[in-house]
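Listing of run00.pdb; format and content: PDB, C-alpha atoms (C1' of nucleotides).
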```
ATOM      1  CA  MET D 207      48.537 -20.208  -7.224
ATOM      2  CA  ALA D 208      45.740 -18.027  -8.375
ATOM      3  CA  ALA D 209      45.843 -19.448 -11.877
ATOM      4  CA  ARG D 210      42.876 -17.433 -12.952
ATOM      5  CA  ALA D 211      41.742 -17.982 -16.485
ATOM      6  CA  ASP D 212      41.811 -14.453 -17.745
ATOM      7  CA  ILE D 213      44.896 -12.467 -16.959
ATOM      8  CA  THR D 214      45.224  -9.945 -19.706
ATOM      9  CA  LEU D 215      47.841  -7.304 -19.153
ATOM     10  CA  SER D 216      48.877  -4.313 -21.173
ATOM     11  CA  GLU D 217      52.377  -3.909 -22.501
ATOM     12  CA  LEU D 218      53.344  -1.562 -19.685
ATOM     13  CA  GLN D 219      51.838  -3.796 -17.059
ATOM     14  CA  ILE D 220      53.766  -6.742 -18.447
ATOM     15  CA  ALA D 221      56.948  -4.712 -18.352
ATOM     16  CA  LEU D 222      56.437  -4.074 -14.645
ATOM     17  CA  MET D 223      55.560  -7.691 -14.033
ATOM     18  CA  ARG D 224      58.715  -8.804 -15.748
ATOM     19  CA  VAL D 225      60.723  -6.945 -13.165
ATOM     20  CA  LEU D 226      58.845  -8.693 -10.393
ATOM     21  CA  TRP D 227      59.173 -12.063 -12.057
ATOM     22  CA  ARG D 228      62.878 -11.604 -12.442
ATOM     23  CA  ARG D 229      63.563 -10.258  -8.984
ATOM     24  CA  GLY D 230      60.963 -12.036  -6.964
ATOM     25  CA  GLU D 231      60.291  -8.902  -5.011
ATOM     26  CA  ALA D 232      60.914  -5.299  -5.852
ATOM     27  CA  SER D 233      60.177  -1.906  -4.425
ATOM     28  CA  THR D 234      58.534   0.825  -6.422
ATOM     29  CA  ALA D 235      61.930   2.440  -6.786
ATOM     30  CA  ASP D 236      63.473  -0.797  -8.040
ATOM     31  CA  VAL D 237      60.851  -1.128 -10.714
ATOM     32  CA  ALA D 238      61.115   2.510 -11.662
ATOM     33  CA  ALA D 239      64.865   2.181 -11.934
ATOM     34  CA  GLU D 240      64.626  -0.777 -14.275
ATOM     35  CA  LEU D 241      62.158   1.017 -16.476
ATOM     36  CA  SER D 242      63.904   4.350 -16.365
ATOM     37  CA  ASP D 243      64.567   4.223 -20.102
ATOM     38  CA  ARG D 244      60.869   4.746 -20.656
ATOM     39  CA  GLY D 245      61.055   8.185 -19.172
ATOM     40  CA  LEU D 246      58.020   7.731 -16.979
ATOM     41  CA  ALA D 247      57.486   9.615 -13.752
ATOM     42  CA  HIS D 248      57.940   7.368 -10.746
ATOM     43  CA  THR D 249      54.448   8.223  -9.663
ATOM     44  CA  THR D 250      53.316   6.614 -12.868
ATOM     45  CA  ILE D 251      55.027   3.404 -11.912
ATOM     46  CA  ALA D 252      53.573   3.629  -8.437
ATOM     47  CA  THR D 253      50.103   4.144  -9.827
ATOM     48  CA  VAL D 254      50.269   1.169 -12.132
ATOM     49  CA  LEU D 255      51.646  -0.994  -9.357
ATOM     50  CA  THR D 256      48.854   0.067  -7.035
ATOM     51  CA  ARG D 257      46.284  -0.765  -9.646
ATOM     52  CA  LEU D 258      47.771  -4.183 -10.207
ATOM     53  CA  GLU D 259      47.609  -4.707  -6.481
ATOM     54  CA  LYS D 260      43.981  -3.668  -6.359
ATOM     55  CA  ARG D 261      43.333  -6.104  -9.141
ATOM     56  CA  GLY D 262      44.971  -8.928  -7.261
ATOM     57  CA  VAL D 263      47.744  -9.522  -9.742
ATOM     58  CA  VAL D 264      50.499  -8.593  -7.325
ATOM     59  CA  GLU D 265      50.730  -8.315  -3.584
ATOM     60  CA  GLN D 266      52.179  -5.526  -1.580
ATOM     61  CA  ARG D 267      54.333  -5.661   1.515
ATOM     62  CA  ARG D 268      55.281  -2.643   3.481
ATOM     63  CA  ASP D 269      58.673  -2.117   5.010
ATOM     64  CA  GLY D 270      58.916   1.196   6.748
ATOM     65  CA  ARG D 271      57.724   3.713   4.244
ATOM     66  CA  GLN D 272      58.511   1.623   1.260
ATOM     67  CA  LEU D 273      56.271  -0.780  -0.568
ATOM     68  CA  TYR D 274      57.565  -4.016  -1.943
ATOM     69  CA  TYR D 275      55.715  -5.894  -4.597
ATOM     70  CA  ARG D 276      55.620  -9.521  -5.514
ATOM     71  CA  ALA D 277      53.772 -11.168  -8.374
ATOM     72  CA  LEU D 278      50.760 -13.314  -7.612
ATOM     73  CA  VAL D 279      50.557 -14.783 -11.074
ATOM     74  CA  ASP D 280      53.522 -16.199 -12.875
ATOM     75  CA  GLU D 281      54.630 -15.541 -16.373
ATOM     76  CA  ALA D 282      53.324 -18.870 -17.620
ATOM     77  CA  ASP D 283      49.823 -17.973 -16.423
ATOM     78  CA  VAL D 284      49.883 -14.738 -18.321
ATOM     79  CA  ARG D 285      51.348 -16.347 -21.383
ATOM     80  CA  ARG D 286      48.721 -19.016 -21.266
ATOM     81  CA  SER D 287      45.778 -16.710 -21.171
ATOM     82  CA  MET D 288      47.122 -14.125 -23.543
ATOM     83  CA  VAL D 289      48.283 -16.602 -26.142
ATOM     84  CA  ALA D 290      44.985 -18.421 -25.839
ATOM     85  CA  GLY D 291      43.192 -15.139 -26.349
ATOM     86  CA  LEU D 292      45.122 -14.267 -29.463
ATOM     87  CA  LEU D 293      44.793 -17.783 -30.759
ATOM     88  CA  GLY D 294      41.073 -17.724 -30.256
ATOM     89  CA  SER D 295      40.334 -14.380 -31.765
ATOM     90  CA  LEU D 296      42.797 -14.233 -34.634
ATOM     91  CA  PHE D 297      43.627 -17.820 -35.517
ATOM     92  CA  ALA D 298      40.340 -19.575 -34.923
ATOM     93  CA  GLY D 299      42.032 -21.420 -32.079
ATOM     94  CA  ASP D 300      44.305 -23.176 -34.513
ATOM     95  CA  ALA D 301      47.870 -23.144 -33.253
ATOM     96  CA  GLN D 302      49.178 -24.604 -36.485
ATOM     97  CA  GLN D 303      48.063 -21.470 -38.217
ATOM     98  CA  LEU D 304      49.924 -19.395 -35.683
ATOM     99  CA  VAL D 305      53.097 -21.357 -36.229
ATOM    100  CA  ALA D 306      52.657 -21.063 -39.973
ATOM    101  CA  HIS D 307      52.263 -17.351 -39.516
ATOM    102  CA  LEU D 308      55.493 -17.152 -37.535
ATOM    103  CA  VAL D 309      57.368 -18.915 -40.275
ATOM    104  CA  GLN D 310      55.843 -16.860 -43.043
ATOM    105  CA  GLU D 311      56.588 -13.636 -41.271
ATOM    106  CA  SER D 312      60.122 -14.799 -40.733
ATOM    107  CA  GLU D 313      59.754 -14.632 -36.993
ATOM    108  CA  ILE D 314      61.140 -18.116 -36.953
ATOM    109  CA  ALA D 315      62.992 -20.238 -39.478
ATOM    110  CA  PRO D 316      61.423 -23.502 -40.605
ATOM    111  CA  GLY D 317      64.429 -25.391 -39.385
ATOM    112  CA  ASP D 318      63.989 -23.957 -35.934
ATOM    113  CA  LEU D 319      60.758 -25.844 -35.524
ATOM    114  CA  ALA D 320      62.696 -29.060 -35.405
ATOM    115  CA  LYS D 321      65.143 -27.444 -33.061
ATOM    116  CA  VAL D 322      62.374 -26.494 -30.673
ATOM    117  CA  ARG D 323      60.961 -29.961 -30.863
ATOM    118  CA  ARG D 324      64.279 -31.530 -30.089
ATOM    119  CA  ARG D 325      64.878 -29.169 -27.239
ATOM    120  CA  LEU D 326      61.530 -30.008 -25.724
ATOM    121  CA  ALA D 327      61.988 -33.714 -26.300
ATOM    122  CA  SER D 328      65.218 -33.808 -24.388
ATOM    123  CA  ARG D 329      63.617 -31.868 -21.591
ATOM    124  CA  GLU D 330      60.517 -34.012 -21.312
ATOM    125  CA  SER D 331      60.516 -37.751 -21.084
ATOM    126  CA  HIS D 332      56.850 -38.733 -21.270
ATOM    127  CA  GLU D 333      56.517 -37.630 -24.851
ATOM    128  CA  ASN D 334      56.212 -39.607 -28.020
TER
ATOM    129  CA  MET I 281      46.925  -1.632 -48.308
ATOM    130  CA  ALA I 282      47.521   0.758 -45.481
ATOM    131  CA  ALA I 283      49.765  -1.744 -43.769
ATOM    132  CA  ARG I 284      50.242   0.404 -40.736
ATOM    133  CA  ALA I 285      52.561  -0.963 -38.141
ATOM    134  CA  ASP I 286      50.318  -0.907 -35.109
ATOM    135  CA  ILE I 287      46.884  -2.328 -35.608
ATOM    136  CA  THR I 288      45.806  -3.612 -32.276
ATOM    137  CA  LEU I 289      42.204  -4.618 -32.047
ATOM    138  CA  SER I 290      40.108  -5.901 -29.203
ATOM    139  CA  GLU I 291      38.413  -9.265 -29.302
ATOM    140  CA  LEU I 292      35.084  -7.740 -30.268
ATOM    141  CA  GLN I 293      36.633  -5.572 -32.915
ATOM    142  CA  ILE I 294      38.354  -8.580 -34.400
ATOM    143  CA  ALA I 295      35.092 -10.460 -34.425
ATOM    144  CA  LEU I 296      33.520  -7.691 -36.507
ATOM    145  CA  MET I 297      36.524  -7.546 -38.761
ATOM    146  CA  ARG I 298      36.315 -11.246 -39.369
ATOM    147  CA  VAL I 299      32.880 -10.788 -40.840
ATOM    148  CA  LEU I 300      34.209  -8.112 -43.159
ATOM    149  CA  TRP I 301      37.204 -10.193 -44.110
ATOM    150  CA  ARG I 302      35.028 -13.138 -44.919
ATOM    151  CA  ARG I 303      32.359 -11.278 -46.851
ATOM    152  CA  GLY I 304      34.388  -8.517 -48.380
ATOM    153  CA  GLU I 305      31.657  -6.060 -47.659
ATOM    154  CA  ALA I 306      28.853  -6.145 -45.145
ATOM    155  CA  SER I 307      26.135  -3.881 -43.849
ATOM    156  CA  THR I 308      25.665  -3.155 -40.185
ATOM    157  CA  ALA I 309      22.762  -5.560 -40.212
ATOM    158  CA  ASP I 310      24.857  -8.288 -41.836
ATOM    159  CA  VAL I 311      27.488  -7.976 -39.162
ATOM    160  CA  ALA I 312      24.916  -7.854 -36.402
ATOM    161  CA  ALA I 313      23.256 -10.952 -37.781
ATOM    162  CA  GLU I 314      26.489 -12.897 -37.786
ATOM    163  CA  LEU I 315      27.232 -11.902 -34.246
ATOM    164  CA  SER I 316      23.713 -12.335 -32.981
ATOM    165  CA  ASP I 317      24.822 -15.105 -30.630
ATOM    166  CA  ARG I 318      26.603 -12.494 -28.560
ATOM    167  CA  GLY I 319      23.345 -10.890 -27.619
ATOM    168  CA  LEU I 320      24.525  -7.388 -28.351
ATOM    169  CA  ALA I 321      22.192  -4.592 -29.322
ATOM    170  CA  HIS I 322      22.572  -3.696 -32.983
ATOM    171  CA  THR I 323      23.388  -0.182 -31.971
ATOM    172  CA  THR I 324      26.397  -1.620 -30.233
ATOM    173  CA  ILE I 325      27.581  -3.155 -33.461
ATOM    174  CA  ALA I 326      26.933   0.099 -35.264
ATOM    175  CA  THR I 327      28.885   2.049 -32.686
ATOM    176  CA  VAL I 328      31.903  -0.194 -32.892
ATOM    177  CA  LEU I 329      31.810  -0.112 -36.667
ATOM    178  CA  THR I 330      31.640   3.668 -36.656
ATOM    179  CA  ARG I 331      34.607   3.856 -34.351
ATOM    180  CA  LEU I 332      36.619   1.546 -36.545
ATOM    181  CA  GLU I 333      35.748   3.776 -39.439
ATOM    182  CA  LYS I 334      36.845   6.862 -37.560
ATOM    183  CA  ARG I 335      40.061   5.096 -36.816
ATOM    184  CA  GLY I 336      40.652   4.269 -40.441
ATOM    185  CA  VAL I 337      40.529   0.527 -40.047
ATOM    186  CA  VAL I 338      37.472   0.106 -42.222
ATOM    187  CA  GLU I 339      35.770   2.244 -44.804
ATOM    188  CA  GLN I 340      32.138   3.004 -45.118
ATOM    189  CA  ARG I 341      29.987   3.173 -48.196
ATOM    190  CA  ARG I 342      26.471   4.395 -48.160
ATOM    191  CA  ASP I 343      23.701   2.838 -50.187
ATOM    192  CA  GLY I 344      20.416   4.535 -49.543
ATOM    193  CA  ARG I 345      20.033   4.557 -45.811
ATOM    194  CA  GLN I 346      22.277   1.630 -45.216
ATOM    195  CA  LEU I 347      25.977   1.668 -44.517
ATOM    196  CA  TYR I 348      28.243  -0.943 -45.946
ATOM    197  CA  TYR I 349      31.639  -1.567 -44.482
ATOM    198  CA  ARG I 350      34.785  -2.947 -45.960
ATOM    199  CA  ALA I 351      38.068  -3.656 -44.221
ATOM    200  CA  LEU I 352      41.026  -1.421 -44.943
ATOM    201  CA  VAL I 353      43.514  -3.704 -43.274
ATOM    202  CA  ASP I 354      43.665  -7.381 -43.917
ATOM    203  CA  GLU I 355      43.859 -10.160 -41.439
ATOM    204  CA  ALA I 356      47.540 -10.720 -42.078
ATOM    205  CA  ASP I 357      48.289  -7.116 -41.104
ATOM    206  CA  VAL I 358      46.477  -7.491 -37.829
ATOM    207  CA  ARG I 359      48.045 -10.841 -37.148
ATOM    208  CA  ARG I 360      51.438  -9.408 -37.865
ATOM    209  CA  SER I 361      51.198  -6.533 -35.472
ATOM    210  CA  MET I 362      49.386  -8.347 -32.732
ATOM    211  CA  VAL I 363      51.614 -11.391 -32.781
ATOM    212  CA  ALA I 364      54.639  -9.119 -32.864
ATOM    213  CA  GLY I 365      53.265  -7.263 -29.886
ATOM    214  CA  LEU I 366      52.723 -10.380 -27.850
ATOM    215  CA  LEU I 367      56.049 -11.759 -28.897
ATOM    216  CA  GLY I 368      57.797  -8.597 -27.857
ATOM    217  CA  SER I 369      56.178  -8.120 -24.510
ATOM    218  CA  LEU I 370      55.821 -11.675 -23.291
ATOM    219  CA  PHE I 371      58.433 -13.716 -25.104
ATOM    220  CA  ALA I 372      61.295 -11.273 -25.375
ATOM    221  CA  GLY I 373      60.783 -11.337 -29.121
ATOM    222  CA  ASP I 374      61.805 -14.940 -29.284
ATOM    223  CA  ALA I 375      59.430 -16.890 -31.481
ATOM    224  CA  GLN I 376      61.026 -20.182 -30.536
ATOM    225  CA  GLN I 377      59.862 -19.602 -27.021
ATOM    226  CA  LEU I 378      56.370 -19.008 -28.250
ATOM    227  CA  VAL I 379      56.377 -22.240 -30.221
ATOM    228  CA  ALA I 380      57.757 -24.058 -27.207
ATOM    229  CA  HIS I 381      54.957 -22.574 -25.167
ATOM    230  CA  LEU I 382      52.374 -23.811 -27.645
ATOM    231  CA  VAL I 383      53.725 -27.312 -27.448
ATOM    232  CA  GLN I 384      53.988 -27.313 -23.699
ATOM    233  CA  GLU I 385      50.473 -26.021 -23.287
ATOM    234  CA  SER I 386      49.273 -28.675 -25.681
ATOM    235  CA  GLU I 387      47.997 -26.135 -28.103
ATOM    236  CA  ILE I 388      49.890 -27.997 -30.733
ATOM    237  CA  ALA I 389      51.475 -31.453 -30.907
ATOM    238  CA  PRO I 390      55.212 -31.695 -31.484
ATOM    239  CA  GLY I 391      54.604 -33.736 -34.596
ATOM    240  CA  ASP I 392      52.467 -30.987 -36.017
ATOM    241  CA  LEU I 393      55.465 -28.732 -36.263
ATOM    242  CA  ALA I 394      56.860 -30.906 -39.005
ATOM    243  CA  LYS I 395      53.432 -31.006 -40.586
ATOM    244  CA  VAL I 396      53.283 -27.240 -40.682
ATOM    245  CA  ARG I 397      56.724 -27.085 -42.156
ATOM    246  CA  ARG I 398      55.821 -29.538 -44.857
ATOM    247  CA  ARG I 399      52.637 -27.736 -45.619
ATOM    248  CA  LEU I 400      54.486 -24.467 -45.991
ATOM    249  CA  ALA I 401      57.155 -26.045 -48.128
ATOM    250  CA  SER I 402      54.663 -27.410 -50.593
ATOM    251  CA  ARG I 403      52.838 -24.117 -50.685
ATOM    252  CA  GLU I 404      56.098 -22.382 -51.423
ATOM    253  CA  SER I 405      56.603 -24.408 -54.585
ATOM    254  CA  HIS I 406      53.153 -23.461 -55.866
ATOM    255  CA  GLU I 407      53.778 -19.843 -55.118
ATOM    256  CA  ASN I 408      54.197 -17.619 -58.144
TER
ATOM    257  C1'  DT X 264      -1.629  10.222 -46.275
ATOM    258  C1'  DC X 265      -0.548   8.296 -41.783
ATOM    259  C1'  DC X 266       1.355   4.769 -38.919
ATOM    260  C1'  DT X 267       5.015   1.511 -38.256
ATOM    261  C1'  DT X 268       9.277  -0.322 -38.995
ATOM    262  C1'  DT X 269      14.141   0.340 -39.814
ATOM    263  C1'  DC X 270      18.397   2.740 -39.931
ATOM    264  C1'  DT X 271      21.783   5.894 -38.628
ATOM    265  C1'  DA X 272      23.589   9.776 -35.712
ATOM    266  C1'  DC X 273      24.321  11.356 -31.395
ATOM    267  C1'  DT X 274      24.725  10.997 -26.537
ATOM    268  C1'  DA X 275      25.815   8.572 -22.322
ATOM    269  C1'  DC X 276      28.221   6.202 -19.013
ATOM    270  C1'  DA X 277      31.202   3.090 -16.501
ATOM    271  C1'  DA X 278      35.918   0.647 -16.644
ATOM    272  C1'  DC X 279      40.375   0.658 -17.588
ATOM    273  C1'  DT X 280      44.733   2.722 -19.047
ATOM    274  C1'  DG X 281      48.597   5.964 -19.548
ATOM    275  C1'  DT X 282      50.354   9.601 -17.395
ATOM    276  C1'  DA X 283      51.471  12.644 -13.856
ATOM    277  C1'  DG X 284      50.783  16.449 -10.293
ATOM    278  C1'  DT X 285      50.035  17.567  -5.433
ATOM    279  C1'  DA X 286      49.770  16.858  -0.591
ATOM    280  C1'  DC X 287      51.363  14.944   3.432
ATOM    281  C1'  DG X 288      53.993  12.211   6.556
ATOM    282  C1'  DA X 289      58.655  10.335   7.709
ATOM    283  C1'  DC X 290      63.517  10.551   7.954
ATOM    284  C1'  DA X 291      68.274  12.128   7.616
ATOM    285  C1'  DG X 292      71.785  15.826   7.657
ATOM    286  C1'  DG X 293      73.120  19.958   9.830
TER
ATOM    287  C1'  DC F 288      65.256  21.217  16.194
ATOM    288  C1'  DC F 289      64.690  22.562  11.242
ATOM    289  C1'  DT F 290      64.563  21.684   6.618
ATOM    290  C1'  DG F 291      64.849  19.495   2.499
ATOM    291  C1'  DT F 292      64.181  14.947   0.420
ATOM    292  C1'  DC F 293      61.743  10.791  -0.450
ATOM    293  C1'  DG F 294      57.914   7.834  -0.811
ATOM    294  C1'  DT F 295      53.124   6.935  -0.772
ATOM    295  C1'  DA F 296      48.198   8.264  -1.158
ATOM    296  C1'  DC F 297      45.015  10.694  -3.542
ATOM    297  C1'  DT F 298      43.277  13.239  -7.362
ATOM    298  C1'  DA F 299      42.980  14.314 -12.185
ATOM    299  C1'  DC F 300      42.328  13.991 -16.882
ATOM    300  C1'  DA F 301      42.146  12.368 -21.563
ATOM    301  C1'  DG F 302      41.545   8.387 -24.640
ATOM    302  C1'  DT F 303      39.584   3.749 -25.628
ATOM    303  C1'  DT F 304      36.233   0.211 -25.093
ATOM    304  C1'  DG F 305      31.853  -2.199 -24.138
ATOM    305  C1'  DT F 306      27.346  -1.318 -24.129
ATOM    306  C1'  DA F 307      23.148   0.744 -25.284
ATOM    307  C1'  DG F 308      19.288   4.345 -25.321
ATOM    308  C1'  DT F 309      16.991   8.007 -27.872
ATOM    309  C1'  DA F 310      15.898  11.001 -31.628
ATOM    310  C1'  DG F 311      15.065  11.731 -36.146
ATOM    311  C1'  DA F 312      14.795  10.483 -40.946
ATOM    312  C1'  DA F 313      13.389   7.367 -44.491
ATOM    313  C1'  DA F 314      10.802   3.805 -46.441
ATOM    314  C1'  DG F 315       6.932   0.809 -46.760
ATOM    315  C1'  DG F 316       2.194  -0.744 -45.998
ATOM    316  C1'  DA F 317      -2.692   0.175 -45.570
TER
END
```
Would it be possible to restate this file's structure as structure tokens?
Amino acid sequence: MAARADITLSELQIALMRVLWRRGEASTADVAAELSDRGLAHTTIATVLTRLEKRGVVEQRRDGRQLYYRALVDEADVRRSMVAGLLGSLFAGDAQQLVAHLVQESEIAPGDLAKVRRRLASRESHEN
Amino acid sequence: MAARADITLSELQIALMRVLWRRGEASTADVAAELSDRGLAHTTIATVLTRLEKRGVVEQRRDGRQLYYRALVDEADVRRSMVAGLLGSLFAGDAQQLVAHLVQESEIAPGDLAKVRRRLASRESHEN
DNA sequence: TCCTTTCTACTACAACTGTAGTACGACAGG
DNA sequence: CCTGTCGTACTACAGTTGTAGTAGAAAGGA
């Protein structure tokens, strides 16, 4: 639900969301614990979470004194809009160029393209 | 040159840069003219250009009263860092997942993967 | 020379972000 | 009951971005 077109999140925001996506629901403390390697104050985490809530990206549930958060957009939604954004502004909307870039920058090996295709083919059946 | 690691630009900034990349050098007016469909005031263009200059992303040359700008980073640099950023935060650094995403979201057809690979292969042989 | 057009420099301001401190209420251990 | 701890709410502040107005200088036309 709530597959809004434009869901652009910052790196930190995505990091928090990833915790929610993985766990389904998480308290502020849970999120802070998982991101403890960043050395952020827990109030920082709380602030970002509150802002995401205000923005409608996550929802908040209260249990006693604690707040539990749950994502309102899924990872695919965010990927969709952010990849589309990058594609549009830097690759003239041409995904082939993006793939070519990945290969040239050695982010992916040419042979892996076939691998991806095979993997997808076996997963989907209405494909040619 | 100046292939700094982190060159993250906003959509608007990229749009300005694209003009510079295409033309090599362009005055504020040139850039404004090419982006006139956005309905921005030319002072807006000038402001953004100045900020990019301050940030070291472009350089400025003065000719009489006019300022001419020239990119100090090339498109590949920006693509590199921005794609890497997206890859890292949203795809766990796994480019195969990104390619799979592109196919699944119909940004690219499975058959095009082979096409890209072929295209790159033939380019490779011409490469000096 | 004087008025008008054209640029740039400077200033402004609202959003959003990263980051965190402080205050205050609730709860658990003595 | 008292006190420290914990968690949230609120406040703060600097940096970036989008957006643009205004002032002042320069150049051009009459």
query: Once the PyMOL selection byres ((chain I and resi 398) around 12) has been applied to the shown file, what residues remain in the selection, as a list in words?
result: Gln302, Ala306, Val309, Pro316, Gly317, Leu319 and Ala320 of chain D; Gly391, Asp392, Leu393, Ala394, Lys395, Val396, Arg397, Arg399, Leu400, Ala401, Ser402, Arg403, Glu404 and Ser405 of chain I
- prompt: Near DA313 in chain F, counting all atoms listed in the file, which residues have an atom at most 9 Å away, once you skip same-chain residues fewer than 3 positions from it, shown as a PyMOL selection string?
  reply: (chain I and resi 345) or (chain X and resi 269-270)
Those residues you just picked out, can you put them in a file as a PDB file, keeping the file's coordinate frame with C-alpha atoms (C1' of nucleotides)?
```pdb
ATOM      1  CA  ARG I 345      20.033   4.557 -45.811  1.00  0.00           C
TER       2      ARG I 345
ATOM      3  C1'  DT X 269      14.141   0.340 -39.814  1.00  0.00           C
ATOM      4  C1'  DC X 270      18.397   2.740 -39.931  1.00  0.00           C
TER       5       DC X 270
END
```
- prompt: Excluding same-chain residues fewer than 5 positions from DT303 in chain F, what lies within 12 Å of it counting only C-alpha atoms (C1' of nucleotides), as a ChimeraX atom specification?
  reply: /I:288-290,328,331-332,335 /X:278-281
query: Once you count all atoms listed in the file, which residues of chain D turn out to be within 8 Å of chain X? Could you give them as JSON, numbers by chain?
result: {"D": [246, 247, 249, 250, 271]}
field: Contact set, chain F to chain D: 10 Å, all atoms listed in the file, as number ranges by chain
entry: F: 293-296
